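Chemist: query-v4.pdb is reproduced in full below (PDB, C-alpha atoms, pLDDT in the B column).
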```pdb
ATOM      1  CA  MET A 277       2.081  -9.869  16.869  1.00 40.00           C
ATOM      2  CA  LYS A 278      -0.948  -9.084  19.009  1.00 51.00           C
ATOM      3  CA  SER A 279      -4.427  -9.481  17.555  1.00 58.00           C
ATOM      4  CA  ILE A 280      -5.693  -6.647  15.393  1.00 63.00           C
ATOM      5  CA  LYS A 281      -9.276  -7.755  16.233  1.00 69.00           C
ATOM      6  CA  LYS A 282     -10.246  -8.414  12.604  1.00 72.00           C
ATOM      7  CA  THR A 283     -13.404 -10.342  13.608  1.00 78.00           C
ATOM      8  CA  GLN A 284     -14.623  -7.501  15.818  1.00 75.00           C
ATOM      9  CA  TRP A 285     -13.953  -4.885  13.146  1.00 64.00           C
ATOM     10  CA  GLU A 286     -15.780  -6.921  10.508  1.00 75.00           C
ATOM     11  CA  ALA A 287     -18.758  -7.100  12.869  1.00 72.00           C
ATOM     12  CA  SER A 288     -18.552  -3.353  13.493  1.00 72.00           C
ATOM     13  CA  TYR A 289     -18.631  -2.581   9.767  1.00 75.00           C
ATOM     14  CA  ARG A 290     -21.499  -5.009   9.209  1.00 77.00           C
ATOM     15  CA  ARG A 291     -23.406  -2.980  11.804  1.00 76.00           C
ATOM     16  CA  LYS A 292     -22.458   0.104   9.713  1.00 73.00           C
ATOM     17  CA  GLU A 293     -20.970   1.811  12.777  1.00 72.00           C
ATOM     18  CA  ASN A 294     -18.061   3.345  10.883  1.00 73.00           C
ATOM     19  CA  TYR A 295     -19.685   4.291   7.603  1.00 80.00           C
ATOM     20  CA  ILE A 296     -17.995   7.681   7.500  1.00 81.00           C
ATOM     21  CA  PHE A 297     -18.768   9.228   4.114  1.00 85.00           C
ATOM     22  CA  TYR A 298     -16.899  12.520   4.562  1.00 88.00           C
ATOM     23  CA  PRO A 299     -13.245  13.067   5.534  1.00 92.00           C
ATOM     24  CA  LYS A 300     -12.263  14.797   8.746  1.00 91.00           C
ATOM     25  CA  GLU A 301     -11.626  18.530   8.467  1.00 94.00           C
ATOM     26  CA  GLU A 302      -8.098  18.071   9.845  1.00 96.00           C
ATOM     27  CA  VAL A 303      -7.261  15.665   7.002  1.00 97.00           C
ATOM     28  CA  VAL A 304      -8.332  18.269   4.445  1.00 96.00           C
ATOM     29  CA  LYS A 305      -6.163  20.850   6.207  1.00 96.00           C
ATOM     30  CA  PHE A 306      -3.183  18.481   6.196  1.00 97.00           C
ATOM     31  CA  LEU A 307      -3.370  17.969   2.437  1.00 97.00           C
ATOM     32  CA  ASN A 308      -3.945  21.649   1.702  1.00 95.00           C
ATOM     33  CA  ARG A 309      -1.218  22.933   4.037  1.00 96.00           C
ATOM     34  CA  PHE A 310       1.526  20.356   3.689  1.00 97.00           C
ATOM     35  CA  VAL A 311       1.026  18.385   0.473  1.00 97.00           C
ATOM     36  CA  ILE A 312      -0.822  19.971  -2.425  1.00 94.00           C
ATOM     37  CA  LYS A 313      -2.964  23.092  -2.493  1.00 91.00           C
ATOM     38  CA  LYS A 314      -6.030  22.870  -4.681  1.00 83.00           C
ATOM     39  CA  LEU A 315      -6.497  26.125  -6.598  1.00 87.00           C
ATOM     40  CA  GLY A 316      -9.322  25.093  -8.930  1.00 85.00           C
ATOM     41  CA  LEU A 317     -11.181  22.123 -10.346  1.00 80.00           C
ATOM     42  CA  ASN A 318      -8.056  20.813 -12.068  1.00 79.00           C
ATOM     43  CA  ASP A 319      -5.443  23.275 -10.862  1.00 85.00           C
ATOM     44  CA  TYR A 320      -2.963  22.352  -8.123  1.00 84.00           C
ATOM     45  CA  GLN A 321       0.080  23.896  -6.496  1.00 91.00           C
ATOM     46  CA  TYR A 322       2.541  21.320  -5.173  1.00 92.00           C
ATOM     47  CA  ILE A 323       3.852  22.010  -1.687  1.00 95.00           C
ATOM     48  CA  LEU A 324       5.517  18.621  -1.363  1.00 95.00           C
ATOM     49  CA  THR A 325       7.917  17.466  -4.069  1.00 91.00           C
ATOM     50  CA  PRO A 326       7.017  14.009  -5.445  1.00 89.00           C
ATOM     51  CA  HIS A 327       9.646  11.282  -5.741  1.00 78.00           C
ATOM     52  CA  SER A 328      12.348  12.392  -8.174  1.00 63.00           C
ATOM     53  CA  ASN A 329      11.311   9.728 -10.709  1.00 72.00           C
ATOM     54  CA  LYS A 330       7.546  10.283 -10.425  1.00 73.00           C
ATOM     55  CA  LYS A 331       5.277  13.052 -11.658  1.00 83.00           C
ATOM     56  CA  VAL A 332       2.531  12.715  -9.050  1.00 91.00           C
ATOM     57  CA  ILE A 333       2.379  12.350  -5.293  1.00 95.00           C
ATOM     58  CA  ILE A 334       1.527   8.815  -4.160  1.00 96.00           C
ATOM     59  CA  GLY A 335      -0.470   8.441  -0.957  1.00 97.00           C
ATOM     60  CA  LEU A 336      -1.558   5.644   1.372  1.00 98.00           C
ATOM     61  CA  ASP A 337      -4.741   5.726   3.452  1.00 98.00           C
ATOM     62  CA  PHE A 338      -3.851   3.196   6.162  1.00 97.00           C
ATOM     63  CA  GLY A 339      -7.014   1.926   7.838  1.00 95.00           C
ATOM     64  CA  CYS A 340      -9.133   3.540   5.129  1.00 96.00           C
ATOM     65  CA  GLY A 341     -12.537   2.246   6.249  1.00 94.00           C
ATOM     66  CA  ILE A 342     -15.061   2.917   3.497  1.00 95.00           C
ATOM     67  CA  GLY A 343     -12.584   5.116   1.641  1.00 96.00           C
ATOM     68  CA  ALA A 344     -13.652   8.738   2.184  1.00 96.00           C
ATOM     69  CA  GLN A 345     -10.091   9.956   2.726  1.00 97.00           C
ATOM     70  CA  THR A 346      -8.685   7.847  -0.114  1.00 98.00           C
ATOM     71  CA  ILE A 347     -11.241   9.467  -2.396  1.00 97.00           C
ATOM     72  CA  LEU A 348     -10.291  12.892  -1.039  1.00 96.00           C
ATOM     73  CA  MET A 349      -6.628  12.286  -1.939  1.00 96.00           C
ATOM     74  CA  HIS A 350      -7.732  11.163  -5.403  1.00 95.00           C
ATOM     75  CA  GLU A 351      -9.665  14.424  -5.806  1.00 93.00           C
ATOM     76  CA  PHE A 352      -6.506  16.328  -4.850  1.00 93.00           C
ATOM     77  CA  GLY A 353      -4.721  14.710  -7.784  1.00 91.00           C
ATOM     78  CA  ILE A 354      -2.841  12.208  -5.610  1.00 94.00           C
ATOM     79  CA  GLU A 355      -2.383   8.588  -6.709  1.00 95.00           C
ATOM     80  CA  ALA A 356      -4.112   7.137  -3.656  1.00 97.00           C
ATOM     81  CA  TYR A 357      -4.323   3.633  -2.200  1.00 98.00           C
ATOM     82  CA  GLY A 358      -6.570   2.468   0.644  1.00 98.00           C
ATOM     83  CA  LEU A 359      -5.835  -0.439   3.007  1.00 97.00           C
ATOM     84  CA  ASP A 360      -8.128  -1.884   5.663  1.00 95.00           C
ATOM     85  CA  ILE A 361      -8.400  -5.195   7.522  1.00 92.00           C
ATOM     86  CA  SER A 362     -12.171  -5.300   6.975  1.00 92.00           C
ATOM     87  CA  GLU A 363     -13.327  -6.873   3.708  1.00 92.00           C
ATOM     88  CA  GLU A 364     -16.754  -5.339   4.376  1.00 92.00           C
ATOM     89  CA  ALA A 365     -15.189  -1.877   4.485  1.00 93.00           C
ATOM     90  CA  ILE A 366     -13.054  -2.413   1.373  1.00 96.00           C
ATOM     91  CA  ASN A 367     -16.022  -3.674  -0.674  1.00 95.00           C
ATOM     92  CA  THR A 368     -18.012  -0.620   0.380  1.00 95.00           C
ATOM     93  CA  ALA A 369     -15.077   1.659  -0.495  1.00 97.00           C
ATOM     94  CA  LYS A 370     -14.912   0.164  -4.000  1.00 97.00           C
ATOM     95  CA  ASN A 371     -18.646   0.704  -4.464  1.00 96.00           C
ATOM     96  CA  LEU A 372     -18.361   4.282  -3.210  1.00 96.00           C
ATOM     97  CA  ALA A 373     -15.541   5.024  -5.660  1.00 97.00           C
ATOM     98  CA  ALA A 374     -17.574   3.451  -8.481  1.00 97.00           C
ATOM     99  CA  THR A 375     -20.636   5.619  -7.725  1.00 96.00           C
ATOM    100  CA  LYS A 376     -18.417   8.707  -8.015  1.00 95.00           C
ATOM    101  CA  GLY A 377     -17.063   7.525 -11.361  1.00 96.00           C
ATOM    102  CA  TYR A 378     -13.515   6.937 -10.077  1.00 96.00           C
ATOM    103  CA  LYS A 379     -12.967   3.674 -11.924  1.00 94.00           C
ATOM    104  CA  ASP A 380      -9.157   3.892 -11.770  1.00 93.00           C
ATOM    105  CA  LEU A 381      -9.376   4.054  -7.968  1.00 97.00           C
ATOM    106  CA  ILE A 382     -11.457   0.895  -7.438  1.00 96.00           C
ATOM    107  CA  ASN A 383      -8.574  -1.562  -7.702  1.00 96.00           C
ATOM    108  CA  ARG A 384      -6.418   0.506  -5.358  1.00 97.00           C
ATOM    109  CA  PHE A 385      -8.571  -0.468  -2.385  1.00 98.00           C
ATOM    110  CA  LEU A 386      -6.940  -3.522  -0.817  1.00 97.00           C
ATOM    111  CA  VAL A 387      -7.582  -5.815   2.151  1.00 95.00           C
ATOM    112  CA  TYR A 388      -4.727  -5.620   4.649  1.00 92.00           C
ATOM    113  CA  ASP A 389      -3.471  -8.766   6.399  1.00 87.00           C
ATOM    114  CA  GLY A 390      -2.748  -6.911   9.639  1.00 83.00           C
ATOM    115  CA  LYS A 391       1.015  -7.434   9.401  1.00 83.00           C
ATOM    116  CA  LYS A 392       3.038  -6.234   6.413  1.00 90.00           C
ATOM    117  CA  ILE A 393       2.064  -3.443   4.030  1.00 94.00           C
ATOM    118  CA  SER A 394       2.524  -5.096   0.630  1.00 92.00           C
ATOM    119  CA  PHE A 395       4.397  -2.220  -1.027  1.00 95.00           C
ATOM    120  CA  PRO A 396       8.151  -1.595  -1.449  1.00 94.00           C
ATOM    121  CA  ASP A 397      10.220   0.604   0.848  1.00 95.00           C
ATOM    122  CA  ASN A 398       9.506   4.331   0.437  1.00 94.00           C
ATOM    123  CA  TYR A 399       6.822   3.654  -2.171  1.00 95.00           C
ATOM    124  CA  PHE A 400       4.498   6.372  -0.820  1.00 96.00           C
ATOM    125  CA  ASP A 401       5.232  10.069  -0.499  1.00 96.00           C
ATOM    126  CA  ILE A 402       2.609  10.434   2.227  1.00 97.00           C
ATOM    127  CA  CYS A 403       0.498   8.300   4.512  1.00 98.00           C
ATOM    128  CA  ILE A 404      -2.742   9.163   6.298  1.00 98.00           C
ATOM    129  CA  SER A 405      -3.789   7.052   9.275  1.00 97.00           C
ATOM    130  CA  GLU A 406      -6.739   8.811  10.894  1.00 96.00           C
ATOM    131  CA  SER A 407      -8.223   7.293  14.089  1.00 93.00           C
ATOM    132  CA  VAL A 408      -6.457   3.976  13.403  1.00 94.00           C
ATOM    133  CA  LEU A 409      -3.326   3.490  15.496  1.00 96.00           C
ATOM    134  CA  ASP A 410      -5.284   4.220  18.684  1.00 93.00           C
ATOM    135  CA  SER A 411      -7.791   1.460  17.839  1.00 91.00           C
ATOM    136  CA  MET A 412      -5.412  -1.368  18.738  1.00 91.00           C
ATOM    137  CA  PRO A 413      -3.039  -2.333  21.557  1.00 92.00           C
ATOM    138  CA  PHE A 414      -0.120   0.077  21.884  1.00 94.00           C
ATOM    139  CA  SER A 415       2.391  -2.733  21.335  1.00 93.00           C
ATOM    140  CA  LEU A 416       0.784  -3.474  17.957  1.00 93.00           C
ATOM    141  CA  ALA A 417       0.671   0.223  17.020  1.00 95.00           C
ATOM    142  CA  LYS A 418       4.439   0.337  17.688  1.00 96.00           C
ATOM    143  CA  GLU A 419       4.935  -2.432  15.117  1.00 94.00           C
ATOM    144  CA  LEU A 420       2.625  -0.928  12.506  1.00 95.00           C
ATOM    145  CA  ILE A 421       4.082   2.591  12.704  1.00 97.00           C
ATOM    146  CA  LYS A 422       7.380   0.975  11.701  1.00 97.00           C
ATOM    147  CA  GLU A 423       5.657  -0.466   8.620  1.00 97.00           C
ATOM    148  CA  ILE A 424       4.285   2.994   7.807  1.00 97.00           C
ATOM    149  CA  ASP A 425       7.814   4.360   8.295  1.00 98.00           C
ATOM    150  CA  ARG A 426       9.253   1.706   5.986  1.00 97.00           C
ATOM    151  CA  CYS A 427       6.968   2.396   3.037  1.00 96.00           C
ATOM    152  CA  THR A 428       6.557   6.205   3.431  1.00 97.00           C
ATOM    153  CA  SER A 429       9.306   8.520   2.191  1.00 95.00           C
ATOM    154  CA  GLN A 430       8.154  11.970   3.353  1.00 96.00           C
ATOM    155  CA  LEU A 431       5.118  12.767   5.521  1.00 98.00           C
ATOM    156  CA  ALA A 432       2.606  10.857   7.635  1.00 98.00           C
ATOM    157  CA  PHE A 433      -0.560  12.279   9.183  1.00 98.00           C
ATOM    158  CA  ILE A 434      -1.926  10.411  12.215  1.00 98.00           C
ATOM    159  CA  SER A 435      -4.573  11.155  14.816  1.00 97.00           C
ATOM    160  CA  LEU A 436      -4.762   9.655  18.302  1.00 97.00           C
ATOM    161  CA  ILE A 437      -7.368   9.923  21.044  1.00 93.00           C
ATOM    162  CA  SER A 438      -6.310  11.797  24.167  1.00 93.00           C
ATOM    163  CA  GLY A 439      -6.764  10.338  27.638  1.00 87.00           C
ATOM    164  CA  ASP A 440      -7.708  13.815  28.817  1.00 80.00           C
ATOM    165  CA  ASN A 441     -11.459  13.206  28.780  1.00 71.00           C
ATOM    166  CA  ASP A 442     -14.443  12.780  31.072  1.00 67.00           C
ATOM    167  CA  LYS A 443     -13.906   9.025  31.535  1.00 67.00           C
ATOM    168  CA  PHE A 444     -10.333   8.970  32.843  1.00 61.00           C
ATOM    169  CA  TYR A 445      -8.051  11.214  34.849  1.00 59.00           C
ATOM    170  CA  ARG A 446      -5.970  13.788  32.981  1.00 66.00           C
ATOM    171  CA  GLU A 447      -3.861  12.350  30.175  1.00 76.00           C
ATOM    172  CA  TYR A 448      -4.566   8.702  30.914  1.00 85.00           C
ATOM    173  CA  ASP A 449      -2.423   6.543  28.614  1.00 86.00           C
ATOM    174  CA  GLY A 450      -3.698   2.994  29.000  1.00 85.00           C
ATOM    175  CA  ASP A 451      -5.391   0.475  26.696  1.00 83.00           C
ATOM    176  CA  GLU A 452      -9.052  -0.476  27.204  1.00 82.00           C
ATOM    177  CA  ILE A 453     -11.347  -3.109  25.698  1.00 78.00           C
ATOM    178  CA  VAL A 454     -14.405  -1.329  24.281  1.00 72.00           C
ATOM    179  CA  LYS A 455     -17.485  -2.502  26.170  1.00 72.00           C
ATOM    180  CA  ASP A 456     -20.013  -0.172  24.547  1.00 67.00           C
ATOM    181  CA  LYS A 457     -22.105  -1.402  21.617  1.00 63.00           C
ATOM    182  CA  HIS A 458     -20.195   0.843  19.213  1.00 62.00           C
ATOM    183  CA  GLU A 459     -16.990  -0.993  18.178  1.00 61.00           C
ATOM    184  CA  HIS A 460     -17.677  -3.584  20.857  1.00 67.00           C
ATOM    185  CA  GLY A 461     -14.749  -5.867  21.680  1.00 71.00           C
ATOM    186  CA  THR A 462     -12.103  -3.741  19.940  1.00 76.00           C
ATOM    187  CA  ILE A 463      -9.227  -1.984  21.704  1.00 83.00           C
ATOM    188  CA  GLN A 464      -9.050   1.740  22.488  1.00 86.00           C
ATOM    189  CA  SER A 465      -5.565   2.992  23.298  1.00 92.00           C
ATOM    190  CA  TYR A 466      -5.381   6.433  24.948  1.00 93.00           C
ATOM    191  CA  TYR A 467      -2.472   8.819  24.393  1.00 94.00           C
ATOM    192  CA  ASN A 468      -0.560  11.653  25.971  1.00 93.00           C
ATOM    193  CA  TYR A 469       2.474  13.468  24.549  1.00 92.00           C
ATOM    194  CA  ASN A 470       5.024  11.115  26.090  1.00 93.00           C
ATOM    195  CA  LYS A 471       3.199   8.093  24.682  1.00 94.00           C
ATOM    196  CA  ILE A 472       3.236   9.716  21.233  1.00 96.00           C
ATOM    197  CA  LEU A 473       7.009  10.123  21.487  1.00 96.00           C
ATOM    198  CA  ASN A 474       7.240   6.474  22.546  1.00 97.00           C
ATOM    199  CA  LEU A 475       5.111   5.452  19.557  1.00 97.00           C
ATOM    200  CA  ILE A 476       7.436   7.006  16.986  1.00 97.00           C
ATOM    201  CA  SER A 477      10.683   6.072  18.744  1.00 96.00           C
ATOM    202  CA  GLY A 478      12.515   3.514  16.642  1.00 92.00           C
ATOM    203  CA  THR A 479      11.274   5.124  13.402  1.00 97.00           C
ATOM    204  CA  LYS A 480      12.871   7.776  11.180  1.00 97.00           C
ATOM    205  CA  PHE A 481       9.924  10.103  11.812  1.00 97.00           C
ATOM    206  CA  SER A 482      10.015  13.279  13.859  1.00 97.00           C
ATOM    207  CA  ILE A 483       7.091  15.530  14.781  1.00 97.00           C
ATOM    208  CA  LYS A 484       6.696  18.371  12.292  1.00 97.00           C
ATOM    209  CA  TRP A 485       3.345  19.667  13.592  1.00 97.00           C
ATOM    210  CA  ILE A 486       1.008  18.624  16.418  1.00 96.00           C
ATOM    211  CA  ARG A 487      -2.287  19.879  17.835  1.00 95.00           C
ATOM    212  CA  LEU A 488      -4.517  18.687  20.667  1.00 93.00           C
ATOM    213  CA  ILE A 489      -8.106  19.643  19.849  1.00 93.00           C
ATOM    214  CA  GLN A 490     -10.706  19.293  22.601  1.00 89.00           C
ATOM    215  CA  GLU A 491     -14.492  19.348  22.553  1.00 88.00           C
ATOM    216  CA  ILE A 492     -16.450  20.360  25.649  1.00 86.00           C
ATOM    217  CA  GLY A 493     -20.147  19.556  25.845  1.00 84.00           C
ATOM    218  CA  ILE A 494     -22.354  22.204  27.427  1.00 83.00           C
ATOM    219  CA  ASN A 495     -25.907  20.883  27.847  1.00 82.00           C
ATOM    220  CA  HIS A 496     -24.663  17.264  27.955  1.00 77.00           C
ATOM    221  CA  ARG A 497     -21.393  17.580  29.868  1.00 75.00           C
ATOM    222  CA  TYR A 498     -18.473  15.745  28.332  1.00 78.00           C
ATOM    223  CA  LEU A 499     -14.831  16.275  27.419  1.00 82.00           C
ATOM    224  CA  TYR A 500     -13.230  14.725  24.360  1.00 85.00           C
ATOM    225  CA  GLY A 501      -9.774  15.324  22.937  1.00 90.00           C
ATOM    226  CA  ARG A 502      -7.762  14.111  19.955  1.00 94.00           C
ATOM    227  CA  TYR A 503      -4.176  14.704  18.844  1.00 95.00           C
ATOM    228  CA  TYR A 504      -3.572  15.540  15.175  1.00 97.00           C
ATOM    229  CA  ILE A 505       0.050  15.005  14.158  1.00 97.00           C
ATOM    230  CA  VAL A 506       2.158  15.493  11.042  1.00 98.00           C
ATOM    231  CA  LEU A 507       5.258  13.295  11.061  1.00 98.00           C
ATOM    232  CA  GLU A 508       8.202  14.104   8.818  1.00 97.00           C
ATOM    233  CA  LYS A 509      10.910  11.745   7.600  1.00 93.00           C
ATOM    234  CA  GLN A 510      14.355  13.109   8.385  1.00 74.00           C
ATOM    235  CA  ARG A 511      15.691  15.113   5.447  1.00 62.00           C
ATOM    236  CA  TRP A 512      18.930  13.155   5.028  1.00 45.00           C
ATOM    237  CA  VAL A 513      16.910   9.935   4.766  1.00 50.00           C
ATOM    238  CA  ARG A 514      14.766  11.390   1.948  1.00 50.00           C
ATOM    239  CA  GLU A 515      17.774  12.730   0.069  1.00 52.00           C
ATOM    240  CA  LYS A 516      19.591   9.400   0.330  1.00 51.00           C
ATOM    241  CA  PHE A 517      16.508   7.612  -1.042  1.00 48.00           C
ATOM    242  CA  TRP A 518      16.132  10.023  -3.953  1.00 46.00           C
ATOM    243  CA  GLN A 519      19.819   9.680  -4.844  1.00 51.00           C
ATOM    244  CA  LEU A 520      19.359   5.929  -5.071  1.00 50.00           C
ATOM    245  CA  GLN A 521      16.487   6.427  -7.541  1.00 51.00           C
ATOM    246  CA  VAL A 522      18.530   8.494 -10.010  1.00 45.00           C
TER     247      VAL A 522
END
```
How would this structure read if it were set down as structure tokens?

Modeler:
Amino acid sequence: MKSIKKTQWEASYRRKENYIFYPKEEVVKFLNRFVIKKLGLNDYQYILTPHSNKKVIIGLDFGCGIGAQTILMHEFGIEAYGLDISEEAINTAKNLAATKGYKDLINRFLVYDGKKISFPDNYFDICISESVLDSMPFSLAKELIKEIDRCTSQLAFISLISGDNDKFYREYDGDEIVKDKHEHGTIQSYYNYNKILNLISGTKFSIKWIRLIQEIGINHRYLYGRYYIVLEKQRWVREKFWQLQV
């Protein structure tokens, strides 16, 4: 397996480059549209049906960073777990959960070894992996999406940077070593639609929903784009799993 650049990511978090305290708007929309709609402080309407033998939805935040999205899932009434390769990030995530009074969430932040997700097959109903699978070589992302597929029974939300930006020609799809100070030495993998299809080939996921959202700078000219994707496990696979749980 190719390097996941653990040393470089630890250094990045020590420089506090990825201390993102609030979840992305698209992650909030994913939960509210596809998983569980929050109607009040403690009032929810389930859109997604939990495992047949469980009463709550179980979610994984893969590449959780300092835990903002894991905490968001927790606030939606989801039993959430956060995994990250950076011990610095995980320690910060635990402290952040503690400051919010979410004591039952603290021990669900775990350091990831970069290889196998240490949970059984189909353990999670959903997985969120926001700005993660594009921060590594494509060949490694292909291996890790299979791990996400293995342990996720229903939906996965991923986001991937588009090569359609001001640095490369339209829909560039290569891998680059980051030379800027921010995330220095890590890998940035750029995507187009065909590369997305290649990424999920070999898994049981299909694309349920996809958007390419672009930002265009006016006074400081730039173009930036990111794909937001909801992946769905094939229905017959879910039904077969649930039958085995009865």

Chemist: By how many Å are atom CA of Lys305 of chain A and atom CA of Glu286 of chain A apart?

Modeler: 29.7 Å

Chemist: Determine the residue set returned by the PyMOL selection byres ((chain A and resi 490) around 12) for the present structure, and present it as a PyMOL selection string.

Modeler: chain A and resi 437-442+487-489+491-493+498-504

Chemist: Which residues match the PyMOL selection byres ((chain A and resi 349-357) around 7) in the file above, as a list in words?

Modeler: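 Selected by the PyMOL selection byres ((chain A and resi 349-357) around 7) here: Lys314, Val332, Ile333, Ile334, Gly335, Leu336, Asp337, Gln345, Thr346, Ile347, Leu348, Gly358, Leu359, Arg384 and Phe385 of chain A.
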
Chemist: Report as a ChimeraX atom specification the residues that result from applying the PyMOL selection byres ((chain A and resi 296) around 7) to the structure here.

Modeler: /A:294-295,297-298,342,344

Chemist: Convert the current residue selection to file output with C-alpha atoms, as a compact mmCIF listing (two decimals), keeping the file's coordinate frame.

Modeler:
```txt
# COMPACT_ATOMS: atom_id res chain seq x y z
CA ASN A 294 -18.06 3.34 10.88
CA TYR A 295 -19.68 4.29 7.60
CA PHE A 297 -18.77 9.23 4.11
CA TYR A 298 -16.90 12.52 4.56
CA ILE A 342 -15.06 2.92 3.50
CA ALA A 344 -13.65 8.74 2.18
```

Chemist: From the set A:Lys418, A:Lys509, A:Lys480, A:Lys471, which residue has the shortest atom-to-atom contact distance to Ile402 of chain A, counting only C-alpha atoms?

Modeler: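 Comparing A:Lys418, A:Lys509, A:Lys480, A:Lys471 against Ile402 of chain A, the winner is A:Lys509.
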
Chemist: Using all atoms listed in the file, which of A:Asn308, A:Thr375, A:Thr428, A:Ser407 sits nearest Phe481 of chain A?

Modeler: A:Thr428

Chemist: Using only C-alpha atoms, can you tell me which of A:Gln430, A:Ser415, A:Asn398, A:Thr368 comes closest to Lys484 of chain A?

Modeler: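 Of A:Gln430, A:Ser415, A:Asn398, A:Thr368, the one nearest Lys484 of chain A, counting only C-alpha atoms, is A:Gln430.
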
Chemist: Could you jot down the atom CA of Asp360 of chain A to atom CA of Gly339 of chain A separation for me, Å, one decimal place?

Modeler: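 So the answer is 4.5 Å.
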
Chemist: What's the separation between atom CA of Ala373 of chain A and atom CA of Asn318 of chain A, in Å to one decimal place?

Modeler: 18.6 Å

Chemist: Can you pull out every residue within 9 Å of Ile453 of chain A, counting all atoms listed in the file, but drop anything in the same chain fewer than 2 positions away, and send it as a short mmCIF file (atom, residue, chain, number, x, y, z; two decimals) with C-alpha atoms, in the frame of the given file?

Modeler:
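Everything below was put into selection00.cif:
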```
data_model
loop_
_atom_site.label_atom_id
_atom_site.label_comp_id
_atom_site.auth_asym_id
_atom_site.auth_seq_id
_atom_site.Cartn_x
_atom_site.Cartn_y
_atom_site.Cartn_z
CA ASP A 451 -5.39 0.48 26.70
CA LYS A 455 -17.48 -2.50 26.17
CA HIS A 460 -17.68 -3.58 20.86
CA GLY A 461 -14.75 -5.87 21.68
CA THR A 462 -12.10 -3.74 19.94
CA ILE A 463 -9.23 -1.98 21.70
CA GLN A 464 -9.05 1.74 22.49
CA SER A 465 -5.56 2.99 23.30
#
```

Chemist: Using all atoms listed in the file, pick whichever of A:Met412, A:Leu436, A:Ala417, A:Ile483 has the shortest atom-to-atom distance to Val454 of chain A.

Modeler: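 Among the listed residues, A:Met412 lies closest to Val454 of chain A.
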
Chemist: Find the residue from A:Glu447, A:Asp380, A:Asp401, A:Glu364 that sits nearest to Cys427 of chain A; use only C-alpha atoms when measuring.

Modeler: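 For Cys427 of chain A, the nearest of the given residues is A:Asp401.
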
Chemist: What residues have an atom no more than 6 Å from (-5.4, 13.2, 12.5) in the file's own frame, counting all atoms listed in the file, and can you write them as a list in words?

Modeler: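 These residues have at least one counted atom within 6 Å: Glu406, Phe433, Ile434, Ser435, Tyr504 and Ile505 of chain A.
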